[in-house]
Structure formats: C-alpha cells, structure tokens
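Undergrad: My file is query-v2.txt. It has compact mmCIF, N, CA and C atoms:
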```
# COMPACT_ATOMS: atom_id res chain seq x y z
N MET O 1 -165.95 -73.71 127.63
CA MET O 1 -165.26 -74.65 126.81
C MET O 1 -163.77 -74.33 126.81
N LEU O 2 -162.97 -75.40 126.89
CA LEU O 2 -161.52 -75.23 126.91
C LEU O 2 -160.98 -75.09 125.51
N ALA O 3 -160.19 -74.14 125.32
CA ALA O 3 -159.57 -73.97 124.02
C ALA O 3 -158.11 -74.37 124.16
N LEU O 4 -157.64 -75.18 123.22
CA LEU O 4 -156.26 -75.63 123.23
C LEU O 4 -155.48 -74.90 122.14
N THR O 5 -154.27 -74.62 122.44
CA THR O 5 -153.42 -74.03 121.41
C THR O 5 -153.00 -75.14 120.46
N ASP O 6 -152.47 -74.77 119.33
CA ASP O 6 -152.01 -75.76 118.35
C ASP O 6 -150.94 -76.67 118.95
N THR O 7 -150.06 -76.11 119.74
CA THR O 7 -148.99 -76.91 120.36
C THR O 7 -149.59 -77.93 121.33
N GLN O 8 -150.54 -77.50 122.13
CA GLN O 8 -151.17 -78.41 123.09
C GLN O 8 -151.93 -79.53 122.37
N GLU O 9 -152.63 -79.15 121.30
CA GLU O 9 -153.37 -80.15 120.53
C GLU O 9 -152.41 -81.16 119.91
N ASN O 10 -151.31 -80.67 119.36
CA ASN O 10 -150.31 -81.57 118.77
C ASN O 10 -149.71 -82.49 119.84
N LEU O 11 -149.47 -81.98 121.03
CA LEU O 11 -148.95 -82.81 122.11
C LEU O 11 -149.95 -83.89 122.50
N TRP O 12 -151.24 -83.53 122.55
CA TRP O 12 -152.26 -84.52 122.86
C TRP O 12 -152.31 -85.61 121.78
N TRP O 13 -152.28 -85.23 120.54
CA TRP O 13 -152.29 -86.22 119.46
C TRP O 13 -151.04 -87.10 119.53
N GLY O 14 -149.93 -86.50 119.86
CA GLY O 14 -148.69 -87.28 120.02
C GLY O 14 -148.81 -88.27 121.17
N ALA O 15 -149.40 -87.82 122.28
CA ALA O 15 -149.59 -88.72 123.43
C ALA O 15 -150.54 -89.85 123.08
N LEU O 16 -151.60 -89.53 122.35
CA LEU O 16 -152.55 -90.58 121.93
C LEU O 16 -151.88 -91.57 120.98
N ALA O 17 -151.08 -91.07 120.05
CA ALA O 17 -150.37 -91.95 119.11
C ALA O 17 -149.39 -92.84 119.87
N LEU O 18 -148.66 -92.26 120.81
CA LEU O 18 -147.71 -93.03 121.61
C LEU O 18 -148.45 -94.09 122.44
N GLY O 19 -149.59 -93.73 122.99
CA GLY O 19 -150.40 -94.70 123.73
C GLY O 19 -150.85 -95.84 122.86
N LEU O 20 -151.26 -95.53 121.62
CA LEU O 20 -151.67 -96.57 120.68
C LEU O 20 -150.50 -97.49 120.35
N VAL O 21 -149.32 -96.92 120.15
CA VAL O 21 -148.13 -97.74 119.86
C VAL O 21 -147.83 -98.66 121.04
N VAL O 22 -147.93 -98.13 122.26
CA VAL O 22 -147.68 -98.95 123.45
C VAL O 22 -148.70 -100.08 123.54
N ILE O 23 -149.96 -99.77 123.30
CA ILE O 23 -151.00 -100.80 123.36
C ILE O 23 -150.75 -101.87 122.31
N LEU O 24 -150.39 -101.48 121.08
CA LEU O 24 -150.11 -102.45 120.03
C LEU O 24 -148.89 -103.31 120.39
N ALA O 25 -147.88 -102.70 121.00
CA ALA O 25 -146.70 -103.46 121.41
C ALA O 25 -147.06 -104.48 122.50
N VAL O 26 -147.88 -104.07 123.45
CA VAL O 26 -148.31 -104.98 124.51
C VAL O 26 -149.12 -106.13 123.93
N VAL O 27 -150.02 -105.83 123.01
CA VAL O 27 -150.83 -106.88 122.37
C VAL O 27 -149.92 -107.85 121.62
N ALA O 28 -148.94 -107.32 120.88
CA ALA O 28 -148.02 -108.18 120.13
C ALA O 28 -147.21 -109.06 121.08
N LEU O 29 -146.69 -108.49 122.15
CA LEU O 29 -145.89 -109.27 123.10
C LEU O 29 -146.72 -110.32 123.81
N LEU O 30 -147.96 -109.97 124.18
CA LEU O 30 -148.83 -110.96 124.82
C LEU O 30 -149.19 -112.09 123.85
N THR O 31 -149.39 -111.75 122.58
CA THR O 31 -149.68 -112.77 121.58
C THR O 31 -148.50 -113.72 121.44
N ILE O 32 -147.30 -113.17 121.38
CA ILE O 32 -146.10 -114.01 121.30
C ILE O 32 -146.00 -114.89 122.54
N LEU O 33 -146.27 -114.33 123.71
CA LEU O 33 -146.22 -115.10 124.95
C LEU O 33 -147.21 -116.26 124.92
N VAL O 34 -148.43 -115.99 124.48
CA VAL O 34 -149.46 -117.04 124.42
C VAL O 34 -149.04 -118.14 123.46
N VAL O 35 -148.51 -117.77 122.30
CA VAL O 35 -148.06 -118.76 121.32
C VAL O 35 -146.93 -119.61 121.90
N LEU O 36 -145.98 -118.98 122.57
CA LEU O 36 -144.86 -119.72 123.17
C LEU O 36 -145.34 -120.65 124.28
N VAL O 37 -146.28 -120.19 125.09
CA VAL O 37 -146.80 -121.04 126.16
C VAL O 37 -147.52 -122.24 125.58
N ARG O 38 -148.30 -122.05 124.52
CA ARG O 38 -148.98 -123.18 123.88
C ARG O 38 -147.97 -124.17 123.30
N THR O 39 -146.91 -123.65 122.68
CA THR O 39 -145.87 -124.52 122.14
C THR O 39 -145.20 -125.32 123.25
N ILE O 40 -144.88 -124.66 124.34
CA ILE O 40 -144.26 -125.34 125.47
C ILE O 40 -145.21 -126.40 126.03
N GLU O 41 -146.47 -126.06 126.13
CA GLU O 41 -147.47 -126.99 126.65
C GLU O 41 -147.56 -128.25 125.78
N ARG O 42 -147.58 -128.06 124.44
CA ARG O 42 -147.62 -129.20 123.53
C ARG O 42 -146.38 -130.07 123.68
N ARG O 43 -145.23 -129.43 123.78
CA ARG O 43 -143.98 -130.19 123.90
C ARG O 43 -143.90 -130.92 125.24
N VAL O 44 -144.40 -130.30 126.29
CA VAL O 44 -144.42 -130.98 127.59
C VAL O 44 -145.32 -132.21 127.52
N THR O 45 -146.44 -132.09 126.82
CA THR O 45 -147.34 -133.23 126.66
C THR O 45 -146.64 -134.36 125.91
N VAL O 46 -145.92 -134.02 124.85
CA VAL O 46 -145.18 -135.04 124.08
C VAL O 46 -144.11 -135.68 124.95
N ILE O 47 -143.40 -134.88 125.72
CA ILE O 47 -142.36 -135.41 126.59
C ILE O 47 -142.98 -136.32 127.66
N ARG O 48 -144.12 -135.90 128.21
CA ARG O 48 -144.79 -136.72 129.22
C ARG O 48 -145.18 -138.07 128.62
N GLN O 49 -145.73 -138.06 127.41
CA GLN O 49 -146.11 -139.31 126.76
C GLN O 49 -144.89 -140.19 126.49
N THR O 50 -143.79 -139.56 126.08
CA THR O 50 -142.57 -140.32 125.83
C THR O 50 -142.05 -140.95 127.12
N LEU O 51 -142.07 -140.19 128.21
CA LEU O 51 -141.61 -140.73 129.48
C LEU O 51 -142.52 -141.85 129.99
N GLU O 52 -143.83 -141.71 129.77
CA GLU O 52 -144.74 -142.77 130.17
C GLU O 52 -144.49 -144.03 129.35
N ALA O 53 -144.21 -143.86 128.06
CA ALA O 53 -143.89 -145.01 127.21
C ALA O 53 -142.58 -145.65 127.66
N ALA O 54 -141.60 -144.83 128.00
CA ALA O 54 -140.32 -145.36 128.48
C ALA O 54 -140.52 -146.11 129.79
N GLU O 55 -141.36 -145.57 130.65
CA GLU O 55 -141.64 -146.26 131.92
C GLU O 55 -142.30 -147.60 131.66
N ALA O 56 -143.24 -147.63 130.72
CA ALA O 56 -143.91 -148.89 130.40
C ALA O 56 -142.93 -149.89 129.80
N ASN O 57 -141.96 -149.39 129.03
CA ASN O 57 -140.99 -150.28 128.40
C ASN O 57 -139.97 -150.83 129.40
N THR O 58 -139.81 -150.16 130.51
CA THR O 58 -138.78 -150.58 131.47
C THR O 58 -139.36 -151.14 132.75
N THR O 59 -140.63 -151.52 132.74
CA THR O 59 -141.24 -152.05 133.96
C THR O 59 -140.66 -153.41 134.33
N ASP O 60 -140.18 -154.15 133.34
CA ASP O 60 -139.67 -155.50 133.60
C ASP O 60 -138.15 -155.55 133.63
N THR O 61 -137.50 -154.44 133.91
CA THR O 61 -136.03 -154.44 133.92
C THR O 61 -135.47 -155.31 135.04
N ALA O 62 -136.26 -155.60 136.04
CA ALA O 62 -135.78 -156.48 137.11
C ALA O 62 -135.50 -157.88 136.57
N LEU O 63 -136.13 -158.23 135.46
CA LEU O 63 -135.94 -159.56 134.87
C LEU O 63 -134.68 -159.64 134.02
N ILE O 64 -134.02 -158.52 133.76
CA ILE O 64 -132.84 -158.53 132.88
C ILE O 64 -131.73 -159.39 133.47
N ALA O 65 -131.46 -159.24 134.76
CA ALA O 65 -130.39 -160.03 135.39
C ALA O 65 -130.73 -161.51 135.34
N GLN O 66 -131.96 -161.86 135.64
CA GLN O 66 -132.38 -163.26 135.61
C GLN O 66 -132.28 -163.80 134.18
N THR O 67 -132.72 -163.02 133.21
CA THR O 67 -132.63 -163.45 131.81
C THR O 67 -131.18 -163.64 131.40
N ALA O 68 -130.31 -162.74 131.82
CA ALA O 68 -128.88 -162.87 131.49
C ALA O 68 -128.32 -164.16 132.06
N ASP O 69 -128.68 -164.50 133.28
CA ASP O 69 -128.21 -165.75 133.88
C ASP O 69 -128.70 -166.95 133.08
N GLU O 70 -129.97 -166.92 132.68
CA GLU O 70 -130.52 -168.04 131.91
C GLU O 70 -129.87 -168.15 130.53
N VAL O 71 -129.63 -167.02 129.89
CA VAL O 71 -128.95 -167.03 128.59
C VAL O 71 -127.55 -167.59 128.74
N GLU O 72 -126.87 -167.20 129.80
CA GLU O 72 -125.53 -167.72 130.07
C GLU O 72 -125.57 -169.24 130.24
N ALA O 73 -126.58 -169.74 130.93
CA ALA O 73 -126.72 -171.19 131.12
C ALA O 73 -126.98 -171.89 129.79
N VAL O 74 -127.82 -171.31 128.96
CA VAL O 74 -128.10 -171.90 127.64
C VAL O 74 -126.84 -171.92 126.79
N LEU O 75 -126.07 -170.83 126.83
CA LEU O 75 -124.83 -170.79 126.06
C LEU O 75 -123.82 -171.82 126.57
N ALA O 76 -123.74 -171.98 127.87
CA ALA O 76 -122.83 -172.97 128.44
C ALA O 76 -123.24 -174.38 128.01
N GLU O 77 -124.55 -174.64 128.03
CA GLU O 77 -125.02 -175.95 127.60
C GLU O 77 -124.76 -176.16 126.11
N GLY O 78 -124.95 -175.11 125.33
CA GLY O 78 -124.65 -175.20 123.89
C GLY O 78 -123.18 -175.49 123.65
N LEU O 79 -122.31 -174.89 124.45
CA LEU O 79 -120.88 -175.15 124.32
C LEU O 79 -120.58 -176.60 124.66
N GLN O 80 -121.25 -177.12 125.69
CA GLN O 80 -121.05 -178.53 126.06
C GLN O 80 -121.46 -179.44 124.89
N HIS O 81 -122.59 -179.16 124.26
CA HIS O 81 -123.04 -179.95 123.11
C HIS O 81 -122.05 -179.83 121.96
N HIS O 82 -121.57 -178.65 121.73
CA HIS O 82 -120.61 -178.42 120.65
C HIS O 82 -119.34 -179.25 120.89
N LEU O 83 -118.82 -179.19 122.10
CA LEU O 83 -117.61 -179.95 122.41
C LEU O 83 -117.86 -181.45 122.30
N PHE O 84 -119.02 -181.90 122.80
CA PHE O 84 -119.36 -183.32 122.73
C PHE O 84 -119.47 -183.78 121.28
N LEU O 85 -120.21 -183.02 120.48
CA LEU O 85 -120.38 -183.41 119.08
C LEU O 85 -119.06 -183.36 118.33
N GLY O 86 -118.20 -182.41 118.69
CA GLY O 86 -116.88 -182.34 118.06
C GLY O 86 -116.07 -183.59 118.35
N ARG O 87 -116.12 -184.08 119.59
CA ARG O 87 -115.38 -185.30 119.94
C ARG O 87 -115.99 -186.51 119.25
N VAL O 88 -117.33 -186.58 119.23
CA VAL O 88 -118.00 -187.74 118.61
C VAL O 88 -117.73 -187.77 117.12
N LEU O 89 -117.84 -186.62 116.46
CA LEU O 89 -117.62 -186.60 115.01
C LEU O 89 -116.18 -186.92 114.68
N ASP O 90 -115.24 -186.49 115.51
CA ASP O 90 -113.84 -186.84 115.25
C ASP O 90 -113.64 -188.35 115.36
N LYS O 91 -114.32 -189.01 116.31
CA LYS O 91 -114.19 -190.46 116.46
C LYS O 91 -114.87 -191.18 115.31
N VAL O 92 -115.99 -190.64 114.82
CA VAL O 92 -116.71 -191.28 113.72
C VAL O 92 -115.90 -191.17 112.44
N ARG O 93 -115.27 -190.04 112.20
CA ARG O 93 -114.50 -189.83 110.98
C ARG O 93 -113.21 -190.65 110.99
N SER O 94 -112.66 -190.92 112.18
CA SER O 94 -111.37 -191.63 112.21
C SER O 94 -111.50 -193.10 112.03
```
Could you write out this file's structure as structure tokens?
TA:
Amino acid sequence: MLALTDTQENLWWGALALGLVVILAVVALLTILVVLVRTIERRVTVIRQTLEAAEANTTDTALIAQTADEVEAVLAEGLQHHLFLGRVLDKVRS
C-alpha cells in the first residue's frame, strides 16, 4: 500500500478541487453557449418569417409603375373636369 505524506495528500486534494472548479467552469460556459445559440436560433426564425412576409408583400411591385401611370391619368382627367366645370360655372354665374 502506498503511503502519502501530508504534503502529497494536500496536493492531491488541491488538484482534485482545481479539477472540480475547471469542470464547473466548463459546464457554466457550455450552458451559456447553449442558451445563446437557442436565442440566436429563435431570432433567426423571427427574421426569416419577417423576410418571408416582406417578400410576400412585395411580390406585386412590378405593378407599381403601371399603377402610377394610371393614377397620373386619373389625376389628369380630374384636372380636365375641374377646369371644364370652372369655365361652365363661371358662365352660369355671369
């Protein structure tokens, strides 16, 4: 049987305590890493859903130019009516 001196036994207990501290630190750091990865994963999912919604909202952007042209035509016609009615009403009032 091996006999250890008090100094050797104290060194072994110190090494075991240090090993335990290292293991606890690794467990804590891995736990933090897992929590951060889950948070990032959730946020990526939210961003993906937001981008998919944005894509769905912008699928008809090709129609914007055509719609602008049509709105311009409606406004021009409205201006023509306004000018016409202004002339007619001036003649009726006079």
Undergrad: Quick check, in Å to one decimal: how far apart do CA of Gln49 (chain O) and atom C of Leu30 (chain O) lie?
TA: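 That distance, rounded to one decimal, is 27.5 Å.
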Undergrad: May I ask for the distance between atom N of Glu55 (chain O) and atom N of Leu36 (chain O), given in Å to one decimal place?
TA: 28.2 Å
Undergrad: Mind pulling up the distance from atom C of Glu70 (chain O) to CA of Leu83 (chain O)?
TA: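 The value is 18.9 Å.
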Undergrad: Find the axis-aligned box for region 42-55 of chain O, covering all its listed atoms and adding 6 Å on each side, and write its centre and edge lengths in Å to one decimal as AutoDock Vina command-line options.
TA:
```
--center_x -144.0 --center_y -137.8 --center_z 127.7 --size_x 19.3 --size_y 31.5 --size_z 20.4
```
Undergrad: For the structure just given, write the atoms of chain O, namely C-alpha atoms, as a PDB file, in the first residue's frame.
TA:
```
ATOM      1  CA  MET O   1       0.000   0.000   0.000  1.00  0.00           C
ATOM      2  CA  LEU O   2       1.216   3.470  -0.901  1.00  0.00           C
ATOM      3  CA  ALA O   3       1.553   5.885   1.899  1.00  0.00           C
ATOM      4  CA  LEU O   4       1.323   9.586   1.109  1.00  0.00           C
ATOM      5  CA  THR O   5       2.831  12.322   3.145  1.00  0.00           C
ATOM      6  CA  ASP O   6       0.602  15.136   4.349  1.00  0.00           C
ATOM      7  CA  THR O   7       2.031  17.443   1.687  1.00  0.00           C
ATOM      8  CA  GLN O   8       1.332  14.952  -1.090  1.00  0.00           C
ATOM      9  CA  GLU O   9      -2.196  14.357   0.173  1.00  0.00           C
ATOM     10  CA  ASN O  10      -2.835  18.108   0.331  1.00  0.00           C
ATOM     11  CA  LEU O  11      -1.515  18.490  -3.224  1.00  0.00           C
ATOM     12  CA  TRP O  12      -3.849  15.743  -4.422  1.00  0.00           C
ATOM     13  CA  TRP O  13      -6.841  17.371  -2.741  1.00  0.00           C
ATOM     14  CA  GLY O  14      -5.814  20.687  -4.273  1.00  0.00           C
ATOM     15  CA  ALA O  15      -5.577  19.086  -7.717  1.00  0.00           C
ATOM     16  CA  LEU O  16      -8.997  17.474  -7.263  1.00  0.00           C
ATOM     17  CA  ALA O  17     -10.509  20.789  -6.136  1.00  0.00           C
ATOM     18  CA  LEU O  18      -8.935  22.588  -9.096  1.00  0.00           C
ATOM     19  CA  GLY O  19     -10.276  19.896 -11.429  1.00  0.00           C
ATOM     20  CA  LEU O  20     -13.754  20.350  -9.968  1.00  0.00           C
ATOM     21  CA  VAL O  21     -13.533  24.122 -10.468  1.00  0.00           C
ATOM     22  CA  VAL O  22     -12.460  23.607 -14.092  1.00  0.00           C
ATOM     23  CA  ILE O  23     -15.320  21.168 -14.699  1.00  0.00           C
ATOM     24  CA  LEU O  24     -17.844  23.595 -13.173  1.00  0.00           C
ATOM     25  CA  ALA O  25     -16.455  26.439 -15.301  1.00  0.00           C
ATOM     26  CA  VAL O  26     -16.739  24.325 -18.457  1.00  0.00           C
ATOM     27  CA  VAL O  27     -20.318  23.348 -17.572  1.00  0.00           C
ATOM     28  CA  ALA O  28     -21.216  27.001 -16.941  1.00  0.00           C
ATOM     29  CA  LEU O  29     -19.640  28.170 -20.206  1.00  0.00           C
ATOM     30  CA  LEU O  30     -21.310  25.400 -22.204  1.00  0.00           C
ATOM     31  CA  THR O  31     -24.660  26.271 -20.616  1.00  0.00           C
ATOM     32  CA  ILE O  32     -24.196  29.916 -21.591  1.00  0.00           C
ATOM     33  CA  LEU O  33     -23.249  28.829 -25.116  1.00  0.00           C
ATOM     34  CA  VAL O  34     -26.357  26.646 -25.448  1.00  0.00           C
ATOM     35  CA  VAL O  35     -28.605  29.468 -24.195  1.00  0.00           C
ATOM     36  CA  LEU O  36     -27.034  31.936 -26.637  1.00  0.00           C
ATOM     37  CA  VAL O  37     -27.360  29.513 -29.550  1.00  0.00           C
ATOM     38  CA  ARG O  38     -31.049  28.960 -28.746  1.00  0.00           C
ATOM     39  CA  THR O  39     -31.595  32.724 -28.560  1.00  0.00           C
ATOM     40  CA  ILE O  40     -29.858  33.221 -31.901  1.00  0.00           C
ATOM     41  CA  GLU O  41     -31.888  30.385 -33.407  1.00  0.00           C
ATOM     42  CA  ARG O  42     -35.176  31.951 -32.241  1.00  0.00           C
ATOM     43  CA  ARG O  43     -34.173  35.356 -33.584  1.00  0.00           C
ATOM     44  CA  VAL O  44     -33.113  33.879 -36.921  1.00  0.00           C
ATOM     45  CA  THR O  45     -36.527  32.221 -37.163  1.00  0.00           C
ATOM     46  CA  VAL O  46     -38.251  35.549 -36.473  1.00  0.00           C
ATOM     47  CA  ILE O  47     -36.070  37.299 -39.048  1.00  0.00           C
ATOM     48  CA  ARG O  48     -36.784  34.557 -41.594  1.00  0.00           C
ATOM     49  CA  GLN O  49     -40.532  34.953 -41.032  1.00  0.00           C
ATOM     50  CA  THR O  50     -40.232  38.728 -41.348  1.00  0.00           C
ATOM     51  CA  LEU O  51     -38.308  38.417 -44.608  1.00  0.00           C
ATOM     52  CA  GLU O  52     -40.844  35.935 -45.974  1.00  0.00           C
ATOM     53  CA  ALA O  53     -43.645  38.350 -45.081  1.00  0.00           C
ATOM     54  CA  ALA O  54     -41.746  41.196 -46.743  1.00  0.00           C
ATOM     55  CA  GLU O  55     -41.265  39.056 -49.832  1.00  0.00           C
ATOM     56  CA  ALA O  56     -44.982  38.281 -49.912  1.00  0.00           C
ATOM     57  CA  ASN O  57     -45.776  41.982 -49.541  1.00  0.00           C
ATOM     58  CA  THR O  58     -43.522  42.961 -52.422  1.00  0.00           C
ATOM     59  CA  THR O  59     -44.436  40.295 -54.968  1.00  0.00           C
ATOM     60  CA  ASP O  60     -46.543  42.775 -56.937  1.00  0.00           C
ATOM     61  CA  THR O  61     -44.029  45.625 -57.022  1.00  0.00           C
ATOM     62  CA  ALA O  62     -43.867  45.294 -60.796  1.00  0.00           C
ATOM     63  CA  LEU O  63     -47.367  46.785 -60.841  1.00  0.00           C
ATOM     64  CA  ILE O  64     -46.263  49.967 -59.046  1.00  0.00           C
ATOM     65  CA  ALA O  65     -45.092  51.694 -62.235  1.00  0.00           C
ATOM     66  CA  GLN O  66     -48.263  50.728 -64.088  1.00  0.00           C
ATOM     67  CA  THR O  67     -50.413  51.888 -61.166  1.00  0.00           C
ATOM     68  CA  ALA O  68     -48.533  55.195 -61.035  1.00  0.00           C
ATOM     69  CA  ASP O  69     -49.225  55.751 -64.738  1.00  0.00           C
ATOM     70  CA  GLU O  70     -52.919  55.005 -64.251  1.00  0.00           C
ATOM     71  CA  VAL O  71     -53.148  57.299 -61.219  1.00  0.00           C
ATOM     72  CA  GLU O  72     -51.461  60.032 -63.245  1.00  0.00           C
ATOM     73  CA  ALA O  73     -54.056  59.545 -65.993  1.00  0.00           C
ATOM     74  CA  VAL O  74     -56.923  59.732 -63.492  1.00  0.00           C
ATOM     75  CA  LEU O  75     -55.474  62.911 -61.988  1.00  0.00           C
ATOM     76  CA  ALA O  76     -55.077  64.464 -65.434  1.00  0.00           C
ATOM     77  CA  GLU O  77     -58.679  63.624 -66.268  1.00  0.00           C
ATOM     78  CA  GLY O  78     -59.809  65.043 -62.932  1.00  0.00           C
ATOM     79  CA  LEU O  79     -57.944  68.252 -63.719  1.00  0.00           C
ATOM     80  CA  GLN O  80     -59.693  68.421 -67.091  1.00  0.00           C
ATOM     81  CA  HIS O  81     -63.088  68.071 -65.350  1.00  0.00           C
ATOM     82  CA  HIS O  82     -62.128  70.691 -62.801  1.00  0.00           C
ATOM     83  CA  LEU O  83     -61.112  73.175 -65.493  1.00  0.00           C
ATOM     84  CA  PHE O  84     -64.236  72.427 -67.529  1.00  0.00           C
ATOM     85  CA  LEU O  85     -66.568  72.814 -64.564  1.00  0.00           C
ATOM     86  CA  GLY O  86     -64.781  76.010 -63.567  1.00  0.00           C
ATOM     87  CA  ARG O  87     -65.424  77.507 -67.011  1.00  0.00           C
ATOM     88  CA  VAL O  88     -69.041  76.301 -67.085  1.00  0.00           C
ATOM     89  CA  LEU O  89     -69.820  77.591 -63.604  1.00  0.00           C
ATOM     90  CA  ASP O  90     -68.270  80.959 -64.422  1.00  0.00           C
ATOM     91  CA  LYS O  91     -70.538  81.212 -67.492  1.00  0.00           C
ATOM     92  CA  VAL O  92     -73.607  80.149 -65.490  1.00  0.00           C
ATOM     93  CA  ARG O  93     -72.938  82.694 -62.735  1.00  0.00           C
ATOM     94  CA  SER O  94     -72.338  85.554 -65.180  1.00  0.00           C
TER      95      SER O  94
END
```
